[in-house]
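Text of target.txt, listed as compact mmCIF, C-alpha atoms:
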```txt
# COMPACT_ATOMS: atom_id res chain seq x y z
CA MET A 27 84.40 107.98 97.53
CA PHE A 28 86.40 110.74 99.11
CA GLY A 29 86.24 111.62 102.77
CA ILE A 30 87.10 109.97 105.99
CA PHE A 31 86.79 106.21 106.28
CA GLY A 32 85.58 105.50 109.78
CA LYS A 33 84.76 107.35 112.93
CA ARG A 34 87.08 110.30 113.38
CA ARG A 35 88.99 110.50 116.62
CA LYS A 36 90.92 113.29 118.20
CA GLU A 37 94.20 113.76 116.43
CA GLN A 38 97.13 112.54 118.50
CA PRO A 39 100.12 114.81 119.12
CA PRO A 40 103.28 114.05 117.18
CA VAL A 41 105.77 111.68 118.76
CA GLU A 42 109.44 112.28 118.01
CA VAL A 43 111.44 109.21 117.10
CA LYS A 44 114.85 109.38 118.69
CA ASP A 45 117.88 108.94 116.50
CA SER A 46 119.97 105.94 117.54
CA ARG A 47 123.06 108.15 117.81
CA GLU A 48 121.27 110.44 120.22
CA GLN A 49 120.42 107.44 122.40
CA ALA A 50 124.13 106.70 122.46
CA GLY A 51 124.86 110.24 123.67
CA GLU A 52 125.89 111.65 120.30
CA LYS A 53 124.33 114.66 118.63
CA PRO A 54 122.10 113.68 115.71
CA ALA A 55 123.13 115.05 112.34
CA VAL A 56 119.59 115.66 111.08
CA SER A 57 116.18 116.53 112.46
CA ARG A 58 114.43 113.76 114.28
CA PRO A 59 111.41 112.22 112.58
CA SER A 60 108.00 112.85 114.04
CA VAL A 61 105.03 110.53 113.52
CA THR A 62 101.47 111.80 114.05
CA VAL A 63 98.31 109.73 113.95
CA LYS A 64 95.86 111.79 111.90
CA ASP A 65 92.89 109.42 111.86
CA SER A 66 91.82 105.94 112.94
CA TRP A 67 88.87 103.63 112.24
CA GLU A 68 87.46 100.23 113.09
CA LYS A 69 86.85 97.26 110.82
CA SER A 70 83.35 97.32 109.35
CA ALA A 71 81.30 96.16 106.39
CA GLU A 72 82.67 99.13 104.41
CA ARG A 73 86.26 98.89 105.64
CA TYR A 74 88.06 95.57 105.32
CA ALA A 75 90.40 96.21 108.28
CA ALA A 76 90.93 98.55 111.20
CA GLY A 77 93.65 101.08 110.57
CA VAL A 78 95.23 104.46 111.12
CA LEU A 79 96.44 107.27 108.89
CA VAL A 80 99.84 108.57 109.99
CA GLU A 81 101.82 111.62 108.98
CA VAL A 82 105.61 111.29 108.92
CA ARG A 83 107.68 114.47 109.01
CA ASP A 84 111.45 114.62 108.69
CA GLY A 85 111.41 110.93 107.85
CA LYS A 86 114.83 109.37 107.48
CA GLY A 87 113.96 107.90 104.08
CA CYS A 88 115.89 104.71 104.85
CA LEU A 89 112.87 102.51 104.10
CA ARG A 90 111.63 103.65 100.71
CA GLU A 91 110.54 102.67 97.21
CA VAL A 92 112.91 103.24 94.30
CA TYR A 93 111.77 103.19 90.68
CA GLY A 94 114.19 102.67 87.80
CA GLU A 95 114.60 101.02 84.44
CA THR A 96 117.17 99.49 82.16
CA GLU A 97 116.96 98.69 78.47
CA GLN A 98 115.48 95.30 79.37
CA ALA A 99 112.84 96.04 82.00
CA THR A 100 111.44 98.40 84.62
CA TYR A 101 111.67 97.87 88.38
CA LEU A 102 110.08 98.95 91.65
CA THR A 103 112.36 98.11 94.56
CA LEU A 104 111.75 98.40 98.29
CA MET A 105 115.00 99.52 99.88
CA LEU A 106 116.31 99.64 103.44
CA GLN A 107 119.15 102.12 103.30
CA GLU A 108 121.14 100.88 100.30
CA GLN A 109 120.02 97.26 100.42
CA PRO A 110 117.09 95.92 98.34
CA LEU A 111 114.42 94.06 100.30
CA LEU A 112 111.93 93.12 97.61
CA GLN A 113 111.66 93.92 93.92
CA LEU A 114 108.89 93.83 91.36
CA GLN A 115 110.01 93.71 87.74
CA GLY A 116 107.80 94.10 84.69
CA ASP A 117 108.33 94.85 81.04
CA GLU A 118 105.57 97.42 81.36
CA TYR A 119 105.60 98.12 85.08
CA PHE A 120 102.65 100.47 85.25
CA CYS A 121 100.41 98.19 83.18
CA PRO A 122 98.01 96.75 85.79
CA THR A 123 97.27 93.63 83.73
CA CYS A 124 100.95 92.66 83.47
CA GLU A 125 102.11 90.14 86.06
CA LYS A 126 105.50 90.96 87.50
CA ILE A 127 108.63 89.05 88.38
CA LEU A 128 109.05 88.95 92.14
CA LYS A 129 112.51 88.85 93.68
CA SER A 130 113.54 89.00 97.30
CA GLY A 131 116.82 90.78 97.86
CA TYR A 132 117.16 89.21 101.33
CA GLY A 133 118.88 92.43 102.31
CA LEU A 134 117.17 93.13 105.63
CA GLU A 135 119.78 93.78 108.27
CA GLN A 136 117.51 95.18 110.89
CA THR A 137 118.46 98.55 112.32
CA GLN A 138 118.10 99.50 115.94
CA GLU A 139 114.67 100.95 115.15
CA PHE A 140 113.35 97.48 114.37
CA TRP A 141 114.40 96.21 117.78
CA GLN A 142 112.55 99.07 119.46
CA ASN A 143 109.12 97.86 118.29
CA ARG A 144 106.54 96.04 120.42
CA LEU A 145 105.25 93.63 117.81
CA ASN A 146 105.71 90.60 120.07
CA GLU A 147 103.05 91.82 122.49
CA ASP A 148 99.27 91.49 122.28
CA LEU A 149 98.32 95.16 122.09
CA SER A 150 95.48 97.31 120.80
CA LEU A 151 95.99 98.83 117.37
CA GLU A 152 96.77 102.23 118.86
CA GLU A 153 99.37 100.73 121.23
CA ALA A 154 100.89 98.65 118.43
CA VAL A 155 101.23 101.67 116.14
CA GLU A 156 102.85 103.55 119.00
CA GLY A 157 105.28 100.66 119.32
CA ILE A 158 106.35 100.78 115.66
CA LYS A 159 106.83 104.56 115.44
CA PRO A 160 110.62 104.11 115.41
CA ILE A 161 110.16 102.03 112.25
CA LEU A 162 107.69 104.49 110.74
CA GLY A 163 110.35 107.15 111.27
CA LEU A 164 112.55 105.25 108.80
CA LEU A 165 110.09 106.09 106.01
CA LYS A 166 110.39 109.21 103.90
CA SER A 167 108.18 112.15 104.84
CA GLY A 168 104.59 111.73 103.78
CA TYR A 169 101.36 109.95 104.65
CA TYR A 170 100.90 106.24 105.27
CA VAL A 171 98.03 103.98 106.24
CA VAL A 172 98.73 101.17 108.71
CA VAL A 173 96.07 98.45 108.58
CA ASP A 174 95.58 95.74 111.17
CA THR A 175 94.89 92.63 109.11
CA GLN A 176 95.92 89.02 108.52
CA LEU A 177 98.21 87.73 105.78
CA CYS A 178 98.55 84.33 104.16
CA PRO A 179 102.18 83.21 104.70
CA THR A 180 102.46 82.42 100.97
CA ASP A 181 102.91 84.29 97.70
CA GLY A 182 99.48 83.18 96.49
CA HIS A 183 101.27 81.24 93.77
CA GLY A 184 101.87 77.95 95.58
CA HIS A 185 104.98 78.90 97.56
CA LEU A 186 105.59 79.54 101.23
CA PHE A 187 106.60 83.12 102.00
CA CYS A 188 110.21 82.00 102.55
CA GLU A 189 110.40 79.64 99.56
CA VAL A 190 109.47 81.96 96.70
CA PRO A 191 111.68 81.13 93.69
CA ASN A 192 114.15 83.94 93.05
CA GLU A 193 114.09 83.46 89.30
CA GLU A 194 112.66 84.94 86.10
CA GLU A 195 109.02 83.96 86.61
CA TYR A 196 106.00 86.22 86.40
CA VAL A 197 103.84 85.90 89.51
CA THR A 198 100.12 86.58 89.86
CA GLY A 199 99.12 88.81 92.72
CA THR A 200 101.88 91.32 91.98
CA CYS A 201 99.43 93.56 90.13
CA ILE A 202 95.79 94.55 90.41
CA TYR A 203 93.72 91.50 89.56
CA TYR A 204 92.01 91.67 86.17
CA TYR A 205 88.69 89.84 85.93
CA GLY A 206 87.64 90.79 82.41
CA ILE A 207 84.91 93.05 81.13
CA GLU A 208 82.15 90.50 81.74
CA HIS A 209 82.47 90.86 85.53
CA LYS A 210 80.46 93.94 86.36
CA ASN A 211 80.41 93.86 90.13
CA CYS A 212 84.08 94.28 90.93
CA TYR A 213 84.60 98.01 90.46
CA GLY A 214 84.16 97.57 86.73
CA MET A 215 86.70 94.87 85.92
CA TRP A 216 89.43 95.19 88.55
CA GLY A 217 90.10 93.49 91.86
CA ASN A 218 90.85 95.16 95.17
CA ASN A 219 94.02 96.88 96.31
CA ARG A 220 94.32 94.89 99.51
CA PRO A 221 97.22 93.07 101.17
CA TYR A 222 96.69 89.31 101.32
CA PHE A 223 100.04 87.61 100.66
CA THR A 224 103.61 88.19 101.79
CA VAL A 225 107.18 87.36 100.79
CA ALA A 226 110.20 87.14 103.09
CA THR A 227 112.90 89.80 103.17
CA GLU A 228 115.18 87.49 105.16
CA PRO A 229 116.45 84.14 103.82
CA LYS A 230 114.91 80.94 105.15
CA ALA A 231 118.28 79.99 106.63
CA LYS A 232 117.80 82.65 109.31
CA LEU A 233 114.73 80.94 110.72
CA ARG A 234 115.37 79.29 114.08
CA GLN A 235 113.19 76.27 114.76
CA GLU A 236 113.06 76.90 118.50
CA ARG A 237 111.54 80.35 117.93
CA VAL A 238 109.07 78.96 115.41
CA ASP A 239 108.05 76.28 117.93
CA ASP A 240 107.63 78.94 120.61
CA TYR A 241 105.16 80.89 118.43
CA ARG A 242 103.37 77.67 117.53
CA GLU A 243 102.79 76.92 121.19
CA LYS A 244 102.01 80.53 122.17
CA PRO A 245 100.83 82.57 119.15
CA ARG A 246 101.08 86.26 120.00
CA GLY A 247 101.80 89.68 118.62
CA ARG A 248 101.84 90.75 114.99
CA ALA A 249 104.12 90.65 112.00
CA LEU A 250 104.96 93.82 110.06
CA ALA A 251 104.78 94.14 106.28
CA TYR A 252 105.01 96.81 103.58
CA TYR A 253 102.39 96.87 100.83
CA MET A 254 103.84 96.68 97.31
CA ASP A 255 101.08 96.23 94.72
CA GLY A 256 98.07 94.07 93.93
CA TYR A 257 97.76 91.60 96.81
CA MET A 258 101.50 91.48 97.60
CA THR A 259 103.49 92.66 100.62
CA ALA A 260 107.10 92.49 101.76
CA LEU A 261 107.47 90.91 105.20
CA LEU A 262 109.66 93.24 107.26
CA ASP A 263 109.38 91.66 110.69
CA GLY A 264 107.81 88.47 112.03
CA HIS A 265 109.30 85.72 109.88
CA HIS A 266 109.15 83.26 112.77
CA LYS A 267 105.50 84.22 113.44
CA ALA A 268 104.69 83.63 109.77
CA MET A 269 106.34 80.21 109.76
CA ALA A 270 104.51 79.23 112.94
CA ALA A 271 101.22 80.33 111.38
CA ALA A 272 101.97 78.17 108.32
CA TYR A 273 102.47 75.10 110.54
CA LEU A 274 99.13 75.88 112.21
CA HIS A 275 97.40 76.41 108.80
CA GLN A 276 96.46 79.91 109.96
CA LYS A 277 96.99 83.43 108.69
CA VAL A 278 99.51 85.60 110.48
CA PRO A 279 98.20 88.77 112.19
CA ALA A 280 100.07 91.72 110.74
CA LEU A 281 100.32 95.48 110.58
CA VAL A 282 100.73 96.47 106.94
CA ILE A 283 102.18 99.83 105.93
CA ILE A 284 100.47 101.21 102.81
CA PRO A 285 102.14 104.27 101.24
CA ALA A 286 99.77 107.12 100.40
CA TYR A 287 99.82 109.22 97.25
CA CYS A 288 98.46 112.65 96.46
CA THR A 289 95.68 112.82 93.91
CA THR A 290 93.09 115.29 92.67
CA HIS A 291 89.34 114.82 92.52
CA ARG A 292 86.78 116.79 90.54
CA GLU A 293 83.78 117.71 92.67
CA LYS A 294 80.25 117.95 91.27
CA ASN A 295 80.63 121.72 90.95
CA GLY A 296 83.72 121.21 88.78
CA GLU A 297 86.19 122.29 91.46
CA MET A 298 89.38 120.23 91.68
CA THR A 299 90.06 118.97 95.20
CA LYS A 300 93.41 117.73 96.52
CA ALA A 301 93.32 114.38 98.27
CA VAL A 302 95.51 111.71 99.88
CA SER A 303 94.91 108.13 98.74
CA ALA A 304 96.30 104.82 100.02
CA GLY A 305 94.95 101.63 98.53
CA GLU A 306 91.19 101.77 99.02
CA PHE A 307 91.33 104.63 101.55
CA CYS A 308 91.09 108.30 100.63
CA TRP A 309 90.81 111.69 102.37
CA ASN A 310 90.21 115.19 101.12
CA CYS A 311 93.17 117.26 102.29
CA ALA A 312 91.53 120.51 103.43
CA PRO A 313 88.90 119.27 105.90
CA HIS A 314 91.36 116.85 107.47
CA HIS A 315 94.33 119.24 107.61
CA LEU A 316 96.57 117.14 105.38
CA GLU A 317 99.49 118.85 103.69
CA TYR A 318 99.42 117.98 99.99
CA SER A 319 103.02 119.13 99.46
CA LEU A 320 104.32 116.72 102.10
CA TYR A 321 104.03 113.89 99.58
CA LYS A 322 107.12 113.16 97.51
CA PRO A 323 106.94 110.86 94.45
CA ASN A 324 108.91 107.62 94.32
CA GLU A 325 112.63 108.09 93.93
CA LYS A 326 113.58 107.67 90.27
CA ILE A 327 117.07 106.58 89.34
CA GLY A 328 118.96 106.08 86.11
CA ALA A 329 119.93 102.86 84.39
CA ASP A 330 123.44 102.78 85.88
CA ALA A 331 122.14 103.17 89.43
CA MET A 332 119.50 100.52 88.72
CA GLN A 333 122.20 98.13 87.56
CA GLN A 334 124.05 98.67 90.83
CA ILE A 335 120.92 97.73 92.78
CA LEU A 336 120.48 94.62 90.65
CA LYS A 337 124.05 93.59 91.40
CA THR A 338 123.42 93.77 95.14
CA ILE A 339 120.62 91.20 94.98
CA PRO A 340 122.40 88.00 96.04
CA ALA A 341 122.58 85.23 93.47
CA TYR A 342 120.83 82.59 95.54
CA GLY A 343 119.79 80.75 92.40
CA THR A 344 116.60 78.75 92.26
CA ILE A 345 115.07 78.20 95.67
CA VAL A 346 113.70 74.68 95.87
CA ALA A 347 110.62 74.27 98.04
CA ASP A 348 110.72 71.10 100.09
CA GLU A 349 107.73 68.76 100.26
CA LYS A 350 106.67 70.11 103.64
CA GLY A 351 106.71 73.65 102.29
CA LYS A 352 104.55 72.67 99.32
CA GLU A 353 102.12 70.92 101.65
CA LEU A 354 101.85 73.93 103.96
CA ALA A 355 101.38 76.35 101.07
CA GLY A 356 98.57 74.16 99.75
CA TYR A 357 96.38 75.02 102.74
CA TYR A 358 96.07 78.64 101.59
CA PRO A 359 94.05 80.19 98.77
CA THR A 360 95.66 81.13 95.50
CA VAL A 361 95.48 84.61 94.01
CA ASP A 362 92.61 83.50 91.75
CA GLU A 363 90.68 82.10 94.69
CA MET A 364 91.20 85.22 96.77
CA ALA A 365 90.12 87.38 93.84
CA SER A 366 86.95 85.31 93.52
CA LEU A 367 86.23 85.78 97.21
CA ASP A 368 86.71 89.53 96.71
CA LEU A 369 84.29 89.54 93.81
CA VAL A 370 81.57 87.42 95.43
CA GLY A 371 82.01 88.24 99.10
CA GLU A 372 81.07 85.98 101.97
CA ILE A 373 78.34 83.53 101.06
CA THR A 374 75.99 83.24 104.00
CA GLU A 375 73.21 80.72 104.47
CA GLN A 376 70.71 83.44 103.54
CA ARG A 377 72.56 84.11 100.27
CA LEU A 378 72.52 80.39 99.49
CA ARG A 379 68.77 80.26 99.99
CA ASP A 380 68.38 83.34 97.80
CA ILE A 381 70.42 81.69 95.01
CA LEU A 382 68.51 78.42 95.21
CA ASP A 383 65.16 80.24 95.30
CA GLY A 384 66.08 82.58 92.45
CA ARG A 385 66.16 85.80 94.47
CA GLU A 386 69.90 86.21 93.79
CA VAL A 387 70.90 85.38 90.22
CA PRO A 388 74.66 85.40 89.52
CA GLU A 389 75.69 86.52 86.07
CA GLU A 390 77.11 83.88 83.78
CA GLY A 391 80.69 85.08 84.09
CA GLU A 392 80.47 85.11 87.88
CA VAL A 393 79.43 81.50 88.47
CA LEU A 394 82.99 80.16 88.57
CA HIS A 395 83.89 82.83 91.15
CA TYR A 396 81.00 81.68 93.35
CA ILE A 397 82.38 78.13 93.22
CA ARG A 398 85.88 79.32 94.08
CA ALA A 399 84.56 81.45 96.93
CA LEU A 400 82.79 78.40 98.37
CA VAL A 401 86.02 76.43 98.05
CA VAL A 402 87.98 79.12 99.91
CA GLN A 403 85.35 79.18 102.65
CA LYS A 404 85.35 75.34 102.76
CA HIS A 405 81.58 75.64 102.62
CA ALA A 406 79.53 72.52 103.36
CA SER A 407 77.07 73.42 100.58
CA LEU A 408 79.71 73.54 97.82
CA LEU A 409 78.46 70.45 95.97
CA GLU A 410 74.81 71.45 96.36
CA ILE A 411 75.43 74.85 94.77
CA ALA A 412 77.67 73.34 92.08
CA GLY A 413 74.91 70.91 91.20
CA PHE A 414 72.39 73.76 91.04
CA PHE A 415 74.58 75.79 88.66
CA LEU A 416 75.18 72.73 86.47
CA GLN A 417 71.43 72.23 86.08
CA GLN A 418 70.77 75.80 84.94
CA TYR A 419 70.83 76.16 81.16
CA ALA A 420 71.80 79.83 81.55
CA TYR A 421 75.18 78.63 82.87
CA CYS A 422 75.75 75.81 80.39
CA ARG A 423 78.93 77.40 79.06
CA GLU A 424 80.36 77.31 82.59
CA ARG A 425 79.84 73.58 83.19
CA TYR A 426 83.31 72.44 82.19
CA ALA A 427 84.95 75.24 84.24
CA ILE A 428 82.89 74.28 87.30
CA ILE A 429 83.92 70.63 87.07
CA LYS A 430 87.54 71.56 86.47
CA GLU A 431 87.50 73.65 89.64
CA LEU A 432 86.08 70.73 91.62
CA THR A 433 88.76 68.38 90.31
CA ARG A 434 91.38 70.56 91.99
CA LEU A 435 90.02 69.46 95.36
CA GLU A 436 91.26 66.54 97.41
CA LYS A 437 89.24 63.40 96.75
CA SER A 438 86.45 62.50 99.13
CA ASP A 439 83.66 59.94 98.90
CA ALA A 440 81.06 62.69 98.50
CA LEU A 441 83.02 64.43 95.74
CA VAL A 442 83.72 61.20 93.85
CA ASP A 443 80.02 60.19 93.98
CA PHE A 444 79.03 63.66 92.79
CA LEU A 445 81.43 63.61 89.83
CA ILE A 446 80.39 60.13 88.76
CA GLN A 447 76.77 61.26 88.63
CA VAL A 448 77.78 64.36 86.64
CA MET A 449 79.70 62.15 84.19
CA VAL A 450 76.63 59.96 83.68
CA ASP A 451 74.39 63.00 83.14
CA TYR A 452 76.62 64.82 80.68
CA GLU A 453 78.84 62.25 78.96
CA GLU A 454 76.87 62.37 75.70
CA ASP A 455 76.56 66.15 75.36
CA TYR A 456 79.89 66.99 77.02
CA PRO A 457 82.47 64.27 76.32
CA GLU A 458 85.22 66.64 77.46
CA ILE A 459 83.64 66.65 80.95
CA LYS A 460 83.67 62.86 80.96
CA ASP A 461 87.38 62.83 80.05
CA LEU A 462 88.16 65.42 82.73
CA ILE A 463 86.41 63.42 85.44
CA LEU A 464 87.99 60.12 84.36
CA ASP A 465 91.44 61.71 84.51
CA TYR A 466 90.68 62.93 88.03
CA LEU A 467 89.29 59.59 89.23
```

Using the file provided, produce a representation of the structure as structure tokens.
Amino acid sequence: MFGIFGKRRKEQPPVEVKDSREQAGEKPAVSRPSVTVKDSWEKSAERYAAGVLVEVRDGKGCLREVYGETEQATYLTLMLQEQPLLQLQGDEYFCPTCEKILKSGYGLEQTQEFWQNRLNEDLSLEEAVEGIKPILGLLKSGYYVVVDTQLCPTDGHGHLFCEVPNEEEYVTGTCIYYYGIEHKNCYGMWGNNRPYFTVATEPKAKLRQERVDDYREKPRGRALAYYMDGYMTALLDGHHKAMAAAYLHQKVPALVIIPAYCTTHREKNGEMTKAVSAGEFCWNCAPHHLEYSLYKPNEKIGADAMQQILKTIPAYGTIVADEKGKELAGYYPTVDEMASLDLVGEITEQRLRDILDGREVPEEGEVLHYIRALVVQKHASLLEIAGFFLQQYAYCRERYAIIKELTRLEKSDALVDFLIQVMVDYEEDYPEIKDLILDYL
């Protein structure tokens, strides 16, 4: 739906971001960037996170996305000046069902603008955005949404944010999640465009244990990330905060920059309307005084220039996650689990009663997502609902999938007793379930 998302507030005047050379007493060579907050809103049932819409004029364009291709593949690379920070690679990059190879360039040598932020303080969203305006000035001119959310310090693929293998491996969560045509309640068949996971733009070797310990003892402030695609973000600032959050088995509070794009929308009267869209947020340009022409498409480069970028990505080889890293990553949901939570939503006690009493009837293809959502929420009624679904003939084709999901859990007395009873009930009709449970036990 087009229009403003959230209660509109008085537009804030532009704030000029000073060039670092001007601070040193030298005359800047170009116009100074200005960053204006055009709108802001609170978190609500309709909006997954509080956020602001900002307009960047005369942006430096140092922090930007670059799109290019070679004969082998296509690439979308987040750059800071001439250094790659994070890269998504896909044979068919703009195919939303194609998982992408994720590579960290580890090229973040923070500029003075990064040191001017106030991300280490506990501030309101408005104050925090004010504190990162020097960084926002590094972006190219255009519109951006900054959401105030929380990120899992993993890639959603079983790796800590700082231990993501830098190798040729396609990674889920790097594209819009595809459920399949049988799932009718998730905007047709697609998942959400929301930031959930993050990957480091600095190598793990730069982490200092004393700083991590400090944030473990006194969690504060926010990290800063840039939204790439699907559920994935590039962690720009706050690597020590993210590592501390991982030790605490918590998500890391973060501001996430989401680039906006210009689109058109056909109104009911047939008139085409210009709009600005960023993830799941959208505004009609005219009523909100947004300049459609301010948007510039992603920078496109030729194969030779793309090869030069590829050469600058350090050859770190395969990054081996240590046992502690694997253990910490295991506390967080996977991409599939997060997608299930998106599809089903929070399962309250009232919803459980409605399911058990027949007032809410999940479709057959959705049952597994309900189980995964309960797993993510660590819900006390997981086994009760699983048993209910197993007993319903309408979901008989989902029985093996339900049990397989349960066998991914850590053993407990209650779970073992439950599975043994299931094995007794279904061993004749479903020998494959019996084998699955025996392998687990």

Proximity check segment 347-444 of chain A to segment 169-193 of chain A, 12 Å, nearest pairs one decimal Å, all atoms listed in the file, as a tab-separated table:
```
residue	atom	partner	partner_atom	distance
A:Ala347	CA	A:Glu189	CA	5.6
A:Asp348	CA	A:Glu189	CA	8.6
A:Glu349	CA	A:His185	CA	10.8
A:Lys350	CA	A:Leu186	CA	9.8
A:Gly351	CA	A:Leu186	CA	6.1
A:Lys352	CA	A:His185	CA	6.5
A:Glu353	CA	A:Gly184	CA	9.3
A:Leu354	CA	A:Leu186	CA	7.3
A:Ala355	CA	A:Leu186	CA	5.3
A:Gly356	CA	A:Gly184	CA	6.5
A:Tyr357	CA	A:Gly184	CA	9.5
A:Tyr358	CA	A:Cys178	CA	6.7
A:Pro359	CA	A:Gly182	CA	6.6
A:Thr360	CA	A:Gly182	CA	4.4
A:Val361	CA	A:Gly182	CA	4.9
A:Asp362	CA	A:Gly182	CA	8.4
A:Glu363	CA	A:Gly182	CA	9.0
A:Met364	CA	A:Gly182	CA	8.5
A:Ala365	CA	A:Gly182	CA	10.6
```

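Separating atom CA of His405 of chain A from atom CA of Arg377 of chain A is a distance of 12.6 Å.
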
Subject >> Neighbour list for Lys267 of chain A as a list in words, cut-off 7 Å, only C-alpha atoms, skip fewer than 6 positions in-chain >> reply: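 My reading of the contact set: Val238, Tyr241, Ala249 and Val278 of chain A.
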
Subject >> Neighbour list for Ala331 of chain A as JSON, numbers by chain, cut-off 12 Å, all atoms listed in the file, skip fewer than 4 positions in-chain >> reply: {"A": [92, 93, 94, 95, 96, 101, 108, 325, 326, 327, 335, 336, 337, 338]}

Subject >> Point-to-point distance in Å for atom CA of Ala304 of chain A and atom CA of Val402 of chain A >> reply: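 Atom-to-atom, atom CA of Val402 of chain A and atom CA of Ala304 of chain A are spaced 27.0 Å apart.
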
**OP:** Identify which of the residues A:Arg237, A:Gly391, A:Phe307, A:Ala272 lies closest to Val78 of chain A, counting all atoms listed in the file when measuring atom-to-atom distances.
**Re:**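 Going through A:Arg237, A:Gly391, A:Phe307, A:Ala272 one by one, the smallest distance to Val78 of chain A is for A:Phe307.
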
**OP:** Write out as a PyMOL selection string which residues come within 8 Å of Asp263 of chain A when counting only C-alpha atoms, dropping same-chain ones fewer than 6 positions away.
**Re:** chain A and resi 140+249-251

**OP:** Go through A:Thr100, A:Asn146, A:Phe415, A:Pro59 one by one, measure the shortest atom-to-atom distance of each to Lys244 of chain A using only C-alpha atoms, and give the residue with the smallest value.
**Re:** A:Asn146

Original post:
Which polymer residues have any atom within 6 Å of an atom of segment 123-129 of chain A, counting all atoms listed in the file, with same-chain residues fewer than 2 positions away left out, as a count of residues only?
Top reply: 13

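Here atom CA of Lys322 of chain A stands at a distance of 11.0 Å from atom CA of Arg90 of chain A.
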
Subject >> Counting only C-alpha atoms, the residue of A:Asp368, A:Asp465, A:Asp255, A:Glu81 that sits nearest Met449 of chain A >> reply: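 Ranked by minimum distance to Met449 of chain A, first place goes to A:Asp465.
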
Original post:
From the list A:Thr290, A:Asn295, A:Thr103, A:Thr227, which residue is nearest Met332 of chain A when using all atoms listed in the file?
Top reply: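 Ranking A:Thr290, A:Asn295, A:Thr103, A:Thr227 by distance to Met332 of chain A, first place goes to A:Thr103.
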
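Considering all atoms listed in the file, the residue among A:Tyr203, A:Tyr287, A:Tyr74, A:Tyr421 positioned nearest to Leu316 of chain A is A:Tyr287.
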